[in-house]
>>> print(open('target_6.cif').read())   # mmCIF, C-alpha atoms
data_start
loop_
_atom_site.group_PDB
_atom_site.id
_atom_site.type_symbol
_atom_site.label_atom_id
_atom_site.label_comp_id
_atom_site.auth_asym_id
_atom_site.auth_seq_id
_atom_site.Cartn_x
_atom_site.Cartn_y
_atom_site.Cartn_z
ATOM 1 C CA MET A 1 37.427 9.468 -14.492
ATOM 2 C CA SER A 2 36.108 9.379 -10.939
ATOM 3 C CA LEU A 3 32.465 9.506 -10.061
ATOM 4 C CA ALA A 4 32.976 12.902 -8.436
ATOM 5 C CA THR A 5 34.262 14.447 -11.671
ATOM 6 C CA THR A 6 31.869 12.746 -14.049
ATOM 7 C CA ARG A 7 29.722 15.263 -15.882
ATOM 8 C CA LEU A 8 26.125 14.441 -16.585
ATOM 9 C CA SER A 9 24.968 14.491 -20.161
ATOM 10 C CA ALA A 10 21.864 16.269 -21.306
ATOM 11 C CA PRO A 11 18.590 14.754 -20.137
ATOM 12 C CA PRO A 12 17.417 11.922 -22.385
ATOM 13 C CA ALA A 13 14.577 12.416 -24.826
ATOM 14 C CA PRO A 14 11.115 12.099 -23.276
ATOM 15 C CA LEU A 15 9.763 8.539 -23.087
ATOM 16 C CA ALA A 16 6.446 7.382 -24.493
ATOM 17 C CA GLU A 17 5.923 5.500 -21.210
ATOM 18 C CA PRO A 18 8.006 4.566 -18.176
ATOM 19 C CA PRO A 19 10.294 1.557 -18.573
ATOM 20 C CA ARG A 20 8.798 -1.845 -17.808
ATOM 21 C CA LEU A 21 11.040 -2.298 -14.770
ATOM 22 C CA ALA A 22 9.787 0.990 -13.283
ATOM 23 C CA ARG A 23 6.190 -0.128 -13.772
ATOM 24 C CA GLN A 24 6.913 -3.518 -12.190
ATOM 25 C CA LEU A 25 8.750 -2.025 -9.212
ATOM 26 C CA GLY A 26 5.992 0.545 -8.763
ATOM 27 C CA ALA A 27 3.406 -2.231 -8.635
ATOM 28 C CA ALA A 28 5.552 -4.200 -6.191
ATOM 29 C CA GLY A 29 5.805 -1.077 -4.051
ATOM 30 C CA LEU A 30 2.032 -1.142 -3.619
ATOM 31 C CA VAL A 31 2.111 -4.529 -1.881
ATOM 32 C CA PRO A 32 2.992 -3.099 1.558
ATOM 33 C CA PHE A 33 0.233 -0.489 1.200
ATOM 34 C CA ILE A 34 -2.467 -2.979 0.244
ATOM 35 C CA LEU A 35 -1.304 -5.662 2.657
ATOM 36 C CA GLY A 36 -0.929 -3.149 5.499
ATOM 37 C CA ALA A 37 -4.411 -1.716 4.982
ATOM 38 C CA ALA A 38 -5.939 -5.196 4.848
ATOM 39 C CA LEU A 39 -4.063 -6.446 7.901
ATOM 40 C CA ILE A 40 -5.188 -3.486 10.008
ATOM 41 C CA TRP A 41 -8.717 -4.822 9.576
ATOM 42 C CA LEU A 42 -7.803 -8.498 9.965
ATOM 43 C CA VAL A 43 -5.271 -8.846 12.784
ATOM 44 C CA TYR A 44 -6.007 -9.322 16.451
ATOM 45 C CA PRO A 45 -6.344 -6.040 18.349
ATOM 46 C CA GLU A 46 -3.038 -6.711 20.123
ATOM 47 C CA ALA A 47 -1.192 -6.629 16.770
ATOM 48 C CA GLN A 48 -3.076 -3.740 15.216
ATOM 49 C CA ALA A 49 -0.784 -1.009 16.566
ATOM 50 C CA LEU A 50 2.285 -2.691 15.072
ATOM 51 C CA VAL A 51 0.646 -3.188 11.681
ATOM 52 C CA THR A 52 -0.594 0.402 11.673
ATOM 53 C CA LEU A 53 2.877 1.699 12.507
ATOM 54 C CA ALA A 54 4.354 -0.419 9.717
ATOM 55 C CA LEU A 55 1.898 1.022 7.176
ATOM 56 C CA ALA A 56 2.485 4.577 8.400
ATOM 57 C CA GLY A 57 6.253 4.111 8.349
ATOM 58 C CA TYR A 58 6.209 2.757 4.813
ATOM 59 C CA ALA A 59 3.881 5.533 3.628
ATOM 60 C CA ALA A 60 6.167 8.105 5.248
ATOM 61 C CA CYS A 61 9.170 6.685 3.400
ATOM 62 C CA VAL A 62 7.335 6.916 0.084
ATOM 63 C CA VAL A 63 6.155 10.471 0.773
ATOM 64 C CA ALA A 64 9.721 11.504 1.656
ATOM 65 C CA PHE A 65 11.001 9.817 -1.516
ATOM 66 C CA LEU A 66 8.534 11.831 -3.600
ATOM 67 C CA GLY A 67 9.956 15.021 -2.086
ATOM 68 C CA GLY A 68 13.471 13.866 -2.922
ATOM 69 C CA ILE A 69 12.587 13.661 -6.603
ATOM 70 C CA HIS A 70 12.134 17.445 -6.584
ATOM 71 C CA TRP A 71 15.532 17.984 -4.991
ATOM 72 C CA GLY A 72 17.155 15.811 -7.653
ATOM 73 C CA LEU A 73 15.413 17.546 -10.531
ATOM 74 C CA ALA A 74 16.291 20.962 -9.105
ATOM 75 C CA MET A 75 19.951 19.906 -8.869
ATOM 76 C CA ARG A 76 19.797 18.613 -12.425
ATOM 77 C CA ALA A 77 18.530 22.010 -13.622
ATOM 78 C CA GLY A 78 21.929 23.589 -12.918
ATOM 79 C CA GLN A 79 21.572 26.613 -10.696
ATOM 80 C CA GLY A 80 18.596 24.945 -9.138
ATOM 81 C CA GLU A 81 15.036 25.986 -8.837
ATOM 82 C CA PRO A 82 14.351 27.592 -5.434
ATOM 83 C CA ALA A 83 10.687 26.515 -5.422
ATOM 84 C CA SER A 84 11.633 22.896 -6.129
ATOM 85 C CA PHE A 85 14.248 22.899 -3.390
ATOM 86 C CA ALA A 86 11.757 24.437 -0.968
ATOM 87 C CA TRP A 87 8.986 21.990 -1.882
ATOM 88 C CA SER A 88 11.334 19.014 -1.676
ATOM 89 C CA VAL A 89 11.577 19.344 2.114
ATOM 90 C CA VAL A 90 7.823 19.633 2.700
ATOM 91 C CA PRO A 91 6.913 15.967 2.064
ATOM 92 C CA PRO A 92 9.553 14.538 4.440
ATOM 93 C CA LEU A 93 8.538 16.981 7.169
ATOM 94 C CA ALA A 94 4.861 16.118 6.717
ATOM 95 C CA ALA A 95 5.760 12.411 6.697
ATOM 96 C CA ALA A 96 7.572 12.743 10.009
ATOM 97 C CA VAL A 97 4.536 14.439 11.532
ATOM 98 C CA GLY A 98 2.230 11.775 10.075
ATOM 99 C CA VAL A 99 4.175 8.960 11.735
ATOM 100 C CA LEU A 100 4.037 10.716 15.106
ATOM 101 C CA MET A 101 0.297 11.373 15.016
ATOM 102 C CA PRO A 102 -2.330 8.901 16.212
ATOM 103 C CA ALA A 103 -2.876 6.335 13.449
ATOM 104 C CA TYR A 104 -6.406 7.426 12.512
ATOM 105 C CA ALA A 105 -5.100 10.931 11.766
ATOM 106 C CA GLY A 106 -1.532 10.189 10.681
ATOM 107 C CA LEU A 107 -2.579 7.782 7.951
ATOM 108 C CA VAL A 108 -5.049 10.371 6.640
ATOM 109 C CA LEU A 109 -2.268 12.974 6.539
ATOM 110 C CA LEU A 110 0.057 10.553 4.743
ATOM 111 C CA GLY A 111 -2.654 9.597 2.242
ATOM 112 C CA ALA A 112 -3.402 13.256 1.615
ATOM 113 C CA MET A 113 0.302 13.991 1.125
ATOM 114 C CA LEU A 114 0.517 11.253 -1.514
ATOM 115 C CA LEU A 115 -2.261 13.027 -3.401
ATOM 116 C CA VAL A 116 -0.764 16.489 -2.880
ATOM 117 C CA CYS A 117 2.604 15.243 -4.142
ATOM 118 C CA TYR A 118 0.905 13.917 -7.260
ATOM 119 C CA ALA A 119 -0.850 17.264 -7.823
ATOM 120 C CA VAL A 120 2.460 19.129 -7.533
ATOM 121 C CA ASP A 121 4.190 16.587 -9.776
ATOM 122 C CA ARG A 122 1.616 17.138 -12.538
ATOM 123 C CA ARG A 123 3.256 20.511 -13.173
ATOM 124 C CA LEU A 124 6.831 19.505 -12.448
ATOM 125 C CA TYR A 125 6.894 16.388 -14.607
ATOM 126 C CA VAL A 126 5.531 18.246 -17.633
ATOM 127 C CA ALA A 127 8.072 21.052 -17.177
ATOM 128 C CA HIS A 128 10.906 18.493 -17.093
ATOM 129 C CA GLY A 129 9.667 16.422 -20.040
ATOM 130 C CA LEU A 130 8.446 13.606 -17.798
ATOM 131 C CA ALA A 131 4.745 13.739 -18.631
ATOM 132 C CA ALA A 132 4.788 10.066 -19.672
ATOM 133 C CA TRP A 133 5.265 9.147 -15.993
ATOM 134 C CA LEU A 134 2.038 10.827 -14.865
ATOM 135 C CA THR A 135 -0.299 7.921 -15.612
ATOM 136 C CA LEU A 136 1.866 5.552 -13.579
ATOM 137 C CA ARG A 137 2.237 8.144 -10.807
ATOM 138 C CA PHE A 138 -1.533 8.634 -10.677
ATOM 139 C CA ARG A 139 -2.243 4.920 -10.403
ATOM 140 C CA LEU A 140 0.406 4.338 -7.755
ATOM 141 C CA SER A 141 -0.600 7.414 -5.757
ATOM 142 C CA ALA A 142 -4.312 6.590 -5.901
ATOM 143 C CA VAL A 143 -3.852 3.015 -4.634
ATOM 144 C CA ALA A 144 -1.340 4.068 -1.977
ATOM 145 C CA ALA A 145 -3.527 6.930 -0.711
ATOM 146 C CA LEU A 146 -6.647 4.762 -0.704
ATOM 147 C CA SER A 147 -4.743 2.144 1.291
ATOM 148 C CA CYS A 148 -3.787 4.790 3.859
ATOM 149 C CA PHE A 149 -7.400 5.966 4.134
ATOM 150 C CA ILE A 150 -8.683 2.398 4.506
ATOM 151 C CA GLY A 151 -6.011 1.727 7.136
ATOM 152 C CA ALA A 152 -6.979 4.892 9.010
ATOM 153 C CA ALA A 153 -10.626 3.846 9.024
ATOM 154 C CA GLY A 154 -9.669 0.510 10.553
ATOM 155 C CA SER A 155 -7.352 1.834 13.208
#
>>> encode(input="target_6.cif", output="C-alpha coordinates")
Amino acid sequence: MSLATTRLSAPPAPLAEPPRLARQLGAAGLVPFILGAALIWLVYPEAQALVTLALAGYAACVVAFLGGIHWGLAMRAGQGEPASFAWSVVPPLAAAVGVLMPAYAGLVLLGAMLLVCYAVDRRLYVAHGLAAWLTLRFRLSAVAALSCFIGAAGS
(Lines of atoms letter the chains of each structure in order from A and count residues from 1; the text may use other names and numbers.)
(Lines give C-alpha, C1' and ligand atoms only; values in the text may rest on other atoms or scores of the structure.)
Protein backbone atom coordinates (compact mmCIF):
# COMPACT_ATOMS: atom_id res chain seq x y z
CA MET A 1 0.00 0.00 0.00
CA SER A 2 1.42 3.39 -0.92
CA LEU A 3 1.81 6.22 1.51
CA ALA A 4 -0.80 8.21 -0.40
CA THR A 5 -3.47 5.55 0.12
CA THR A 6 -2.61 4.63 3.68
CA ARG A 7 -5.50 5.33 6.02
CA LEU A 8 -4.79 6.66 9.47
CA SER A 9 -6.06 4.69 12.41
CA ALA A 10 -7.96 6.22 15.26
CA PRO A 11 -5.96 8.53 17.50
CA PRO A 12 -4.06 6.64 20.20
CA ALA A 13 -5.25 6.65 23.79
CA PRO A 14 -4.22 9.73 25.77
CA LEU A 15 -0.76 9.53 27.36
CA ALA A 16 -0.01 10.05 31.03
CA GLU A 17 2.95 12.21 29.93
CA PRO A 18 4.80 12.95 26.70
CA PRO A 19 7.34 10.35 25.58
CA ARG A 20 10.86 10.71 26.94
CA LEU A 21 12.25 11.51 23.50
CA ALA A 22 9.79 14.40 23.11
CA ARG A 23 10.84 15.79 26.48
CA GLN A 24 14.53 15.46 25.59
CA LEU A 25 14.11 17.08 22.17
CA GLY A 26 12.02 19.85 23.71
CA ALA A 27 14.79 20.58 26.20
CA ALA A 28 17.39 20.51 23.42
CA GLY A 29 15.23 22.95 21.48
CA LEU A 30 15.64 25.47 24.30
CA VAL A 31 19.42 25.63 23.83
CA PRO A 32 19.27 28.13 20.94
CA PHE A 33 16.85 30.32 22.93
CA ILE A 34 18.97 30.39 26.07
CA LEU A 35 22.28 30.65 24.23
CA GLY A 36 20.93 33.35 21.90
CA ALA A 37 19.60 35.46 24.76
CA ALA A 38 22.87 35.15 26.66
CA LEU A 39 25.03 35.93 23.64
CA ILE A 40 23.09 39.10 22.86
CA TRP A 41 24.36 40.42 26.18
CA LEU A 42 27.88 39.00 25.85
CA VAL A 43 29.08 39.50 22.28
CA TYR A 44 30.88 42.51 20.89
CA PRO A 45 28.51 45.17 19.53
CA GLU A 46 29.60 44.34 15.97
CA ALA A 47 28.23 40.79 16.35
CA GLN A 48 25.08 41.66 18.26
CA ALA A 49 22.89 42.19 15.18
CA LEU A 50 23.77 38.74 13.83
CA VAL A 51 23.10 37.02 17.15
CA THR A 52 19.82 38.88 17.54
CA LEU A 53 18.72 37.88 14.04
CA ALA A 54 19.62 34.26 14.78
CA LEU A 55 17.50 34.27 17.95
CA ALA A 56 14.59 35.97 16.18
CA GLY A 57 14.81 33.58 13.25
CA TYR A 58 14.81 30.54 15.50
CA ALA A 59 11.92 31.91 17.58
CA ALA A 60 9.98 32.59 14.38
CA CYS A 61 10.48 29.00 13.24
CA VAL A 62 9.18 27.68 16.55
CA VAL A 63 6.17 30.02 16.51
CA ALA A 64 5.34 28.92 12.95
CA PHE A 65 5.71 25.27 13.99
CA LEU A 66 3.21 25.81 16.82
CA GLY A 67 0.71 27.12 14.27
CA GLY A 68 1.30 24.07 12.09
CA ILE A 69 0.22 21.78 14.92
CA HIS A 70 -3.28 23.26 14.63
CA TRP A 71 -3.39 22.63 10.89
CA GLY A 72 -2.40 19.00 11.45
CA LEU A 73 -4.96 18.44 14.18
CA ALA A 74 -7.68 20.07 12.09
CA MET A 75 -6.80 17.76 9.18
CA ARG A 76 -6.86 14.79 11.52
CA ALA A 77 -10.39 15.73 12.64
CA GLY A 78 -11.79 14.76 9.23
CA GLN A 79 -13.79 17.59 7.75
CA GLY A 80 -11.52 19.97 9.56
CA GLU A 81 -12.20 22.61 12.09
CA PRO A 82 -12.44 26.06 10.45
CA ALA A 83 -11.24 27.87 13.59
CA SER A 84 -8.17 25.64 13.84
CA PHE A 85 -7.33 26.14 10.19
CA ALA A 86 -7.76 29.90 10.57
CA TRP A 87 -5.66 30.06 13.75
CA SER A 88 -2.94 27.89 12.24
CA VAL A 89 -1.90 30.67 9.85
CA VAL A 90 -1.77 33.40 12.51
CA PRO A 91 1.47 32.29 14.23
CA PRO A 92 3.52 32.06 11.00
CA LEU A 93 2.27 35.46 9.86
CA ALA A 94 3.10 37.01 13.24
CA ALA A 95 6.51 35.28 13.16
CA ALA A 96 7.29 36.79 9.77
CA VAL A 97 6.41 40.25 11.08
CA GLY A 98 8.49 39.67 14.22
CA VAL A 99 11.61 38.86 12.19
CA LEU A 100 11.19 42.02 10.10
CA MET A 101 10.74 44.35 13.06
CA PRO A 102 13.61 45.99 14.94
CA ALA A 103 15.04 43.44 17.37
CA TYR A 104 13.87 45.16 20.57
CA ALA A 105 10.27 44.95 19.33
CA GLY A 106 10.39 41.82 17.19
CA LEU A 107 11.71 39.63 19.98
CA VAL A 108 8.95 40.93 22.28
CA LEU A 109 6.35 40.05 19.64
CA LEU A 110 7.84 36.58 19.19
CA GLY A 111 7.98 36.00 22.95
CA ALA A 112 4.38 37.14 23.28
CA MET A 113 3.33 34.84 20.44
CA LEU A 114 4.92 31.88 22.22
CA LEU A 115 2.74 32.67 25.23
CA VAL A 116 -0.38 33.28 23.13
CA CYS A 117 0.15 29.97 21.33
CA TYR A 118 0.36 28.22 24.69
CA ALA A 119 -2.87 29.90 25.85
CA VAL A 120 -4.68 28.77 22.69
CA ASP A 121 -3.20 25.27 22.99
CA ARG A 122 -4.57 24.90 26.54
CA ARG A 123 -8.03 24.54 24.99
CA LEU A 124 -7.02 22.67 21.87
CA TYR A 125 -4.89 20.03 23.56
CA VAL A 126 -7.63 19.17 26.05
CA ALA A 127 -10.22 18.91 23.26
CA HIS A 128 -7.95 16.49 21.36
CA GLY A 129 -7.01 14.37 24.38
CA LEU A 130 -3.52 15.85 24.58
CA ALA A 131 -3.75 17.45 28.02
CA ALA A 132 -0.70 15.47 29.20
CA TRP A 133 1.45 17.64 26.90
CA LEU A 134 0.46 20.91 28.58
CA THR A 135 3.02 20.79 31.39
CA LEU A 136 5.84 20.28 28.90
CA ARG A 137 4.40 22.96 26.60
CA PHE A 138 4.19 25.42 29.49
CA ARG A 139 7.79 24.86 30.54
CA LEU A 140 9.14 25.09 27.01
CA SER A 141 7.04 28.15 26.17
CA ALA A 142 7.95 29.95 29.39
CA VAL A 143 11.71 29.49 28.92
CA ALA A 144 11.55 30.33 25.21
CA ALA A 145 9.45 33.47 25.77
CA LEU A 146 11.64 34.61 28.66
CA SER A 147 14.69 34.14 26.45
CA CYS A 148 13.10 36.34 23.78
CA PHE A 149 12.29 39.04 26.34
CA ILE A 150 15.81 38.93 27.78
CA GLY A 151 17.24 39.11 24.25
CA ALA A 152 15.01 42.08 23.44
CA ALA A 153 16.19 43.89 26.55
CA GLY A 154 19.79 43.41 25.49
CA SER A 155 19.39 44.45 21.90
>>> closest_atom_pairs(input="target_6.cif", of="stretch 69-93 of chain A", to="stretch 103-121 of chain A", cutoff="12 Å", atoms="only C-alpha atoms", output="Markdown table")
| residue | atom | partner | partner_atom | distance |
| --- | --- | --- | --- | --- |
| A:Ile69 | CA | A:Asp121 | CA | 9.4 |
| A:His70 | CA | A:Asp121 | CA | 8.6 |
| A:Leu73 | CA | A:Asp121 | CA | 11.3 |
| A:Ala83 | CA | A:Val120 | CA | 11.3 |
| A:Ser84 | CA | A:Val120 | CA | 10.0 |
| A:Trp87 | CA | A:Val120 | CA | 9.1 |
| A:Ser88 | CA | A:Cys117 | CA | 9.8 |
| A:Val89 | CA | A:Cys117 | CA | 11.7 |
| A:Val90 | CA | A:Met113 | CA | 9.5 |
| A:Pro91 | CA | A:Met113 | CA | 7.0 |
| A:Pro92 | CA | A:Met113 | CA | 9.8 |
| A:Leu93 | CA | A:Met113 | CA | 10.6 |
>>> residues_around(input="target_6.cif", residues="A:Gly29", least_positions_apart="5", cutoff="10 Å", atoms="all atoms listed in the file", output="list in words")
Arg23, Gln24, Ile34, Tyr58, Val62, Leu140 and Ala144 of chain A
>>> residues_around(input="target_6.cif", residues="A:Val143", least_positions_apart="3", cutoff="9 Å", atoms="all atoms listed in the file", output="MDAnalysis selection string")
chainID A and resid 30 33:34 138:140 146:148
>>> atom_distance(input="target_6.cif", atom1="atom CA of A:Pro45", atom2="atom CA of A:Ala152")
14.4 Å
>>> atom_distance(input="target_6.cif", atom1="atom CA of A:Ala86", atom2="atom CA of A:Gly68")
10.9 Å
>>> atom_distance(input="target_6.cif", atom1="atom CA of A:Leu53", atom2="atom CA of A:Leu136")
26.4 Å
>>> closest_residue(input="target_6.cif", among="A:Gly67, A:Gly36, A:Pro18, A:Gly26", to="A:Trp133", atoms="all atoms listed in the file")
A:Pro18
>>> closest_residue(input="target_6.cif", among="A:Ala74, A:Ala37, A:Val63, A:Leu124", to="A:Ala94", atoms="only C-alpha atoms")
A:Val63
>>> build_atoms(input="target_6.cif", residues="stretch 19-40 of chain A", atoms="N, CA, C and O atoms", output="short mmCIF file (atom, residue, chain, number, x, y, z; two decimals), in the coordinates of the input")
data_model
loop_
_atom_site.label_atom_id
_atom_site.label_comp_id
_atom_site.auth_asym_id
_atom_site.auth_seq_id
_atom_site.Cartn_x
_atom_site.Cartn_y
_atom_site.Cartn_z
N PRO A 19 9.77 2.89 -18.28
CA PRO A 19 10.29 1.56 -18.57
C PRO A 19 9.52 0.47 -17.83
O PRO A 19 8.95 0.70 -16.76
N ARG A 20 9.53 -0.72 -18.39
CA ARG A 20 8.80 -1.84 -17.81
C ARG A 20 9.24 -2.11 -16.37
O ARG A 20 8.41 -2.37 -15.50
N LEU A 21 10.54 -2.04 -16.12
CA LEU A 21 11.04 -2.30 -14.77
C LEU A 21 10.46 -1.29 -13.78
O LEU A 21 10.08 -1.66 -12.66
N ALA A 22 10.37 -0.03 -14.17
CA ALA A 22 9.79 0.99 -13.28
C ALA A 22 8.33 0.67 -12.98
O ALA A 22 7.87 0.81 -11.84
N ARG A 23 7.60 0.24 -13.98
CA ARG A 23 6.19 -0.13 -13.77
C ARG A 23 6.07 -1.34 -12.84
O ARG A 23 5.21 -1.37 -11.96
N GLN A 24 6.94 -2.32 -13.03
CA GLN A 24 6.91 -3.52 -12.19
C GLN A 24 7.29 -3.19 -10.75
O GLN A 24 6.64 -3.65 -9.81
N LEU A 25 8.34 -2.40 -10.57
CA LEU A 25 8.75 -2.02 -9.21
C LEU A 25 7.71 -1.14 -8.54
O LEU A 25 7.48 -1.24 -7.34
N GLY A 26 7.07 -0.27 -9.32
CA GLY A 26 5.99 0.55 -8.76
C GLY A 26 4.85 -0.32 -8.26
O GLY A 26 4.33 -0.11 -7.15
N ALA A 27 4.47 -1.32 -9.05
CA ALA A 27 3.41 -2.23 -8.64
C ALA A 27 3.83 -3.01 -7.39
O ALA A 27 3.04 -3.18 -6.45
N ALA A 28 5.06 -3.47 -7.37
CA ALA A 28 5.55 -4.20 -6.19
C ALA A 28 5.55 -3.30 -4.96
O ALA A 28 5.29 -3.76 -3.84
N GLY A 29 5.81 -2.02 -5.16
CA GLY A 29 5.80 -1.08 -4.05
C GLY A 29 4.44 -0.85 -3.45
O GLY A 29 4.31 -0.32 -2.34
N LEU A 30 3.39 -1.26 -4.16
CA LEU A 30 2.03 -1.14 -3.62
C LEU A 30 1.69 -2.27 -2.66
O LEU A 30 0.75 -2.14 -1.86
N VAL A 31 2.43 -3.37 -2.73
CA VAL A 31 2.11 -4.53 -1.88
C VAL A 31 2.08 -4.16 -0.40
O VAL A 31 1.11 -4.49 0.29
N PRO A 32 3.08 -3.45 0.14
CA PRO A 32 2.99 -3.10 1.56
C PRO A 32 1.80 -2.20 1.89
O PRO A 32 1.25 -2.29 2.98
N PHE A 33 1.41 -1.34 0.97
CA PHE A 33 0.23 -0.49 1.20
C PHE A 33 -1.03 -1.34 1.30
O PHE A 33 -1.79 -1.23 2.26
N ILE A 34 -1.25 -2.17 0.30
CA ILE A 34 -2.47 -2.98 0.24
C ILE A 34 -2.50 -3.99 1.39
O ILE A 34 -3.51 -4.13 2.08
N LEU A 35 -1.38 -4.67 1.59
CA LEU A 35 -1.30 -5.66 2.66
C LEU A 35 -1.48 -5.00 4.03
O LEU A 35 -2.21 -5.50 4.89
N GLY A 36 -0.81 -3.87 4.22
CA GLY A 36 -0.93 -3.15 5.50
C GLY A 36 -2.35 -2.72 5.79
O GLY A 36 -2.86 -2.92 6.90
N ALA A 37 -3.02 -2.16 4.79
CA ALA A 37 -4.41 -1.72 4.98
C ALA A 37 -5.32 -2.90 5.29
O ALA A 37 -6.18 -2.81 6.17
N ALA A 38 -5.11 -4.01 4.59
CA ALA A 38 -5.94 -5.20 4.85
C ALA A 38 -5.67 -5.77 6.24
O ALA A 38 -6.61 -6.12 6.97
N LEU A 39 -4.40 -5.85 6.60
CA LEU A 39 -4.06 -6.45 7.90
C LEU A 39 -4.59 -5.64 9.08
O LEU A 39 -4.94 -6.21 10.11
N ILE A 40 -4.64 -4.31 8.92
CA ILE A 40 -5.19 -3.49 10.01
C ILE A 40 -6.60 -3.96 10.36
O ILE A 40 -6.98 -3.97 11.52
#
